[in-house]
file protein_1.txt (compact mmCIF, C-alpha atoms)
# COMPACT_ATOMS: atom_id res chain seq x y z
CA MET A 1 14.74 -17.78 -5.84
CA LYS A 2 14.59 -20.87 -8.01
CA ALA A 3 12.16 -19.19 -10.44
CA TYR A 4 14.56 -16.23 -10.76
CA GLU A 5 17.54 -18.51 -11.40
CA GLN A 6 15.56 -20.37 -14.08
CA GLY A 7 14.54 -17.10 -15.72
CA SER A 8 10.85 -17.66 -15.03
CA THR A 9 10.35 -14.24 -13.44
CA LEU A 10 10.61 -10.85 -15.12
CA LEU A 11 13.21 -9.65 -12.60
CA TYR A 12 16.33 -8.27 -14.21
CA SER A 13 19.64 -6.84 -13.03
CA ASP A 14 21.02 -5.01 -16.06
CA VAL A 15 19.58 -1.47 -16.23
CA ARG A 16 20.38 -1.33 -19.94
CA GLN A 17 17.82 -4.07 -20.58
CA TYR A 18 14.91 -1.57 -20.30
CA GLY A 19 16.74 1.73 -19.80
CA THR A 20 16.95 4.03 -16.81
CA TRP A 21 13.65 5.75 -17.69
CA TYR A 22 11.86 2.44 -17.07
CA LEU A 23 13.10 2.26 -13.46
CA GLY A 24 10.88 5.23 -12.52
CA ILE A 25 7.94 4.12 -14.62
CA SER A 26 8.00 0.57 -13.22
CA PHE A 27 8.38 1.94 -9.66
CA PHE A 28 5.28 4.14 -9.90
CA ALA A 29 3.32 1.54 -11.88
CA THR A 30 4.03 -1.02 -9.17
CA LEU A 31 2.98 1.42 -6.43
CA PHE A 32 -0.32 1.97 -8.25
CA LEU A 33 -0.85 -1.77 -8.79
CA GLN A 34 0.04 -2.52 -5.17
CA ASP A 35 -2.31 0.21 -3.97
CA THR A 36 -5.08 -1.29 -6.12
CA TYR A 37 -4.45 -4.81 -4.82
CA PHE A 38 -4.22 -3.55 -1.25
CA TYR A 39 -7.44 -1.51 -1.48
CA PHE A 40 -9.55 -4.46 -2.61
CA ILE A 41 -8.07 -7.07 -0.27
CA HIS A 42 -8.09 -4.62 2.65
CA ARG A 43 -11.73 -3.84 2.01
CA ALA A 44 -12.47 -7.58 1.82
CA PHE A 45 -10.60 -8.07 5.12
CA HIS A 46 -13.21 -5.83 6.75
CA HIS A 47 -16.12 -8.09 5.75
CA PRO A 48 -17.70 -9.36 9.00
CA ASN A 49 -17.12 -13.02 8.06
CA VAL A 50 -13.42 -12.41 7.37
CA PHE A 51 -12.31 -9.65 9.74
CA LYS A 52 -11.91 -11.78 12.87
CA TRP A 53 -9.75 -14.36 11.10
CA VAL A 54 -7.59 -12.15 8.91
CA HIS A 55 -7.37 -8.53 10.02
CA SER A 56 -8.51 -8.01 13.64
CA GLY A 57 -4.94 -8.18 14.96
CA HIS A 58 -4.06 -5.02 13.08
CA HIS A 59 -7.06 -3.15 14.48
CA ARG A 60 -6.31 -3.87 18.12
CA SER A 61 -4.70 -0.43 17.99
CA VAL A 62 -7.48 2.14 17.77
CA VAL A 63 -4.86 4.87 18.15
CA SER A 64 -2.07 3.65 15.94
CA THR A 65 1.66 3.80 16.58
CA PRO A 66 4.57 2.92 14.28
CA TRP A 67 4.47 -0.59 15.77
CA THR A 68 0.90 -0.97 14.51
CA SER A 69 2.24 -0.95 10.95
CA PHE A 70 3.87 -4.32 11.68
CA ALA A 71 0.87 -5.89 13.46
CA PHE A 72 -0.52 -8.49 11.07
CA ASP A 73 -2.31 -11.76 11.48
CA LEU A 74 -0.54 -14.53 9.56
CA PRO A 75 -3.27 -14.96 6.90
CA GLU A 76 -3.19 -11.22 6.18
CA ALA A 77 0.60 -11.19 5.88
CA LEU A 78 0.50 -14.12 3.44
CA ILE A 79 -2.24 -12.56 1.31
CA GLN A 80 -0.37 -9.25 1.16
CA ALA A 81 2.86 -11.05 0.25
CA LEU A 82 1.11 -12.68 -2.72
CA PHE A 83 1.29 -9.33 -4.51
CA PHE A 84 5.09 -9.46 -4.58
CA VAL A 85 5.10 -13.10 -5.61
CA ALA A 86 2.80 -12.28 -8.54
CA ILE A 87 4.16 -8.91 -9.69
CA VAL A 88 7.60 -10.32 -10.59
CA PHE A 89 5.87 -12.62 -13.08
CA ILE A 90 3.72 -9.82 -14.56
CA LEU A 91 5.90 -6.72 -14.77
CA PRO A 92 9.62 -6.50 -15.57
CA LEU A 93 11.28 -5.12 -12.44
CA HIS A 94 14.89 -4.30 -11.75
CA LEU A 95 16.12 -5.68 -8.43
CA VAL A 96 16.80 -2.12 -7.20
CA THR A 97 13.21 -1.19 -8.03
CA VAL A 98 11.91 -4.08 -5.92
CA ILE A 99 14.07 -2.92 -3.00
CA ALA A 100 12.86 0.68 -3.48
CA ILE A 101 9.23 -0.48 -3.47
CA LEU A 102 9.73 -2.54 -0.30
CA LEU A 103 11.44 0.41 1.41
CA THR A 104 8.70 2.80 0.29
CA MET A 105 6.01 0.42 1.53
CA THR A 106 7.69 0.06 4.93
CA VAL A 107 8.38 3.77 5.45
CA TRP A 108 4.89 4.69 4.22
CA ALA A 109 3.26 2.17 6.57
CA VAL A 110 5.21 3.46 9.58
CA TRP A 111 4.44 7.07 8.61
CA ASN A 112 0.71 6.32 8.23
CA HIS A 113 0.64 4.74 11.68
CA LEU A 114 2.45 7.52 13.54
CA GLY A 115 -0.78 8.63 15.18
CA PHE A 116 -0.07 12.28 14.36
CA THR A 117 0.54 14.33 11.23
CA ILE A 118 4.02 15.64 10.49
CA THR A 119 3.10 17.21 7.16
CA SER A 120 2.12 20.86 6.96
CA SER A 121 -1.55 21.68 6.55
CA PHE A 122 -0.55 23.70 3.48
CA PHE A 123 0.80 20.56 1.75
CA LEU A 124 -2.27 18.52 2.70
CA SER A 125 -4.56 21.17 1.20
CA GLN A 126 -2.71 21.18 -2.12
CA TRP A 127 -3.58 18.93 -5.07
CA LEU A 128 -0.91 16.28 -4.41
CA GLY A 129 -1.55 16.20 -0.66
CA LYS A 130 -5.20 15.36 -1.24
CA TRP A 131 -4.28 12.27 -3.25
CA LEU A 132 -1.74 10.81 -0.81
CA ILE A 133 -2.62 8.84 2.30
CA GLY A 134 -1.07 10.07 5.51
CA PRO A 135 -1.45 9.58 9.27
CA SER A 136 -4.68 11.54 9.69
CA HIS A 137 -6.32 9.75 6.74
CA HIS A 138 -5.30 6.31 7.98
CA GLY A 139 -6.05 7.23 11.59
CA LEU A 140 -9.68 7.69 10.59
CA HIS A 141 -9.62 4.16 9.19
CA HIS A 142 -8.58 2.79 12.57
CA ARG A 143 -11.49 4.62 14.18
CA ARG A 144 -14.08 3.98 11.43
CA HIS A 145 -13.49 0.59 9.88
CA SER A 146 -15.76 1.23 6.89
CA GLN A 147 -13.64 3.98 5.30
CA HIS A 148 -10.13 4.60 3.92
CA PHE A 149 -8.84 1.29 2.62
CA GLY A 150 -5.97 2.49 0.40
CA LEU A 151 -2.26 2.13 1.00
CA TYR A 152 -0.62 5.08 -0.77
CA PHE A 153 -3.30 6.98 -2.65
CA THR A 154 -6.88 8.12 -2.00
CA PHE A 155 -7.87 7.30 -5.58
CA TRP A 156 -9.88 4.12 -4.89
CA ASP A 157 -11.49 5.54 -1.75
CA ARG A 158 -12.67 8.56 -3.72
CA LEU A 159 -13.82 6.53 -6.72
CA LEU A 160 -15.66 3.84 -4.75
CA GLY A 161 -17.21 6.00 -2.02
CA THR A 162 -15.11 4.93 0.95
CA GLN A 163 -13.49 8.35 1.37
CA SER A 164 -14.65 10.07 4.55
CA PRO A 165 -16.50 13.37 3.98
CA ASP A 166 -14.24 14.71 6.76
CA GLU A 167 -11.31 14.40 4.35
CA GLU A 168 -12.89 16.37 1.51
call {"tool": "encode", "arguments": {"input": "protein_1.txt", "output": "structure tokens"}}
result
Amino acid sequence: MKAYEQGSTLLYSDVRQYGTWYLGISFFATLFLQDTYFYFIHRAFHHPNVFKWVHSGHHRSVVSTPWTSFAFDLPEALIQALFFVAIVFILPLHLVTVIAILLTMTVWAVWNHLGFTITSSFFLSQWLGKWLIGPSHHGLHHRRHSQHFGLYFTFWDRLLGTQSPDEE
């Protein structure tokens, strides 16, 4: 809060400062950056020397539930929170955009941990559905710890070979 009050962050409250068009661009840019950060730290969390200390608490649920989305070991929670500490110094973000990102992250995490799919198979087979992570995609991650490390998008899994052939 002190950094914001001193003007050290790039947080802003006047929409006119960057225009309304920038709200959407910064929202989606932040989702992509967060997904990138999450993919690489999540994959690192699965390294045998790290998993037990940082991420095993989350994987106690082989069949996930919405509560699983909130099951974090303290080191993991702190490392994930670093993204939000850093992004406000890197990218200009309106306060409403930050709230929208946090809401999206929370709803997406709960949705991904439902343990069942609520989206139609038609949507999942379409172009957009193939690039978004949902409950079945993330459910495979809880059963096979070496695949599906993304948060929102399948981009990094596809690019770096951690996408399950079952999902193709």
call {"tool": "closest_residue", "arguments": {"input": "protein_1.txt", "among": "A:Phe83, A:Tyr152, A:Phe72, A:Phe89", "to": "Met105 in chain A", "atoms": "all atoms listed in the file"}}
result
A:Tyr152
call {"tool": "atom_distance", "arguments": {"input": "protein_1.txt", "atom1": "CA of Thr68 in chain A", "atom2": "CA of His113 in chain A"}}
result
6.4 Å
call {"tool": "residues_around", "arguments": {"input": "protein_1.txt", "residues": "Arg144 in chain A", "least_positions_apart": "5", "cutoff": "12 Å", "atoms": "all atoms listed in the file", "output": "VMD selection string"}}
result
chain A and resid 46 59 62 to 63 137 to 139 149 162 to 164 166
call {"tool": "residues_around", "arguments": {"input": "protein_1.txt", "residues": "Trp111 in chain A", "least_positions_apart": "5", "cutoff": "8 Å", "atoms": "only C-alpha atoms", "output": "list in words"}}
result
Pro66, Gly134 and Pro135 of chain A
call {"tool": "write_last_selection", "arguments": {"input": "protein_1.txt", "atoms": "C-alpha atoms", "output": "compact mmCIF listing (two decimals), in the coordinates of the input"}}
result
# COMPACT_ATOMS: atom_id res chain seq x y z
CA PRO A 66 4.57 2.92 14.28
CA GLY A 134 -1.07 10.07 5.51
CA PRO A 135 -1.45 9.58 9.27
call {"tool": "residues_around", "arguments": {"input": "protein_1.txt", "residues": "Arg43 in chain A", "least_positions_apart": "5", "cutoff": "12 Å", "atoms": "all atoms listed in the file", "output": "list in words"}}
result
Asp35, Thr36, Tyr37, Phe38, Pro48, Val50, Phe51, Val54, His55, His141, His145, Ser146, Gln147, His148, Phe149, Gly150, Leu151, Trp156, Asp157, Leu160, Gly161 and Thr162 of chain A
call {"tool": "closest_residue", "arguments": {"input": "protein_1.txt", "among": "A:Ile101, A:Ala29, A:Val96, A:Ile87", "to": "Thr9 in chain A", "atoms": "only C-alpha atoms"}}
result
A:Ile87
call {"tool": "closest_residue", "arguments": {"input": "protein_1.txt", "among": "A:Pro75, A:Pro92, A:Gly115, A:Pro165", "to": "Thr30 in chain A", "atoms": "all atoms listed in the file"}}
result
A:Pro92
call {"tool": "atom_distance", "arguments": {"input": "protein_1.txt", "atom1": "CA of His47 in chain A", "atom2": "CA of Glu76 in chain A"}}
result
13.3 Å
call {"tool": "atom_distance", "arguments": {"input": "protein_1.txt", "atom1": "CA of Ile25 in chain A", "atom2": "CA of Phe155 in chain A"}}
result
18.5 Å
call {"tool": "closest_residue", "arguments": {"input": "protein_1.txt", "among": "A:Ala44, A:Leu82, A:Ala71, A:Ala3", "to": "Gly57 in chain A", "atoms": "only C-alpha atoms"}}
result
A:Ala71
call {"tool": "closest_residue", "arguments": {"input": "protein_1.txt", "among": "A:Ser64, A:Leu23, A:Val110, A:Asp73", "to": "Lys52 in chain A", "atoms": "all atoms listed in the file"}}
result
A:Asp73
call {"tool": "closest_residue", "arguments": {"input": "protein_1.txt", "among": "A:Ser136, A:Ser26, A:Gln17, A:Gln6", "to": "Leu93 in chain A", "atoms": "only C-alpha atoms"}}
result
A:Ser26
call {"tool": "residues_near_point", "arguments": {"input": "protein_1.txt", "point": "(17.0, -4.8, -18.2)", "cutoff": "12 Å", "atoms": "all atoms listed in the file", "output": "list in words"}}
result
Leu10, Leu11, Tyr12, Ser13, Asp14, Val15, Arg16, Gln17, Tyr18, Gly19, Thr20, Trp21, Tyr22, Leu23, Ser26, Leu91, Pro92, Leu93, His94, Leu95, Val96 and Thr97 of chain A
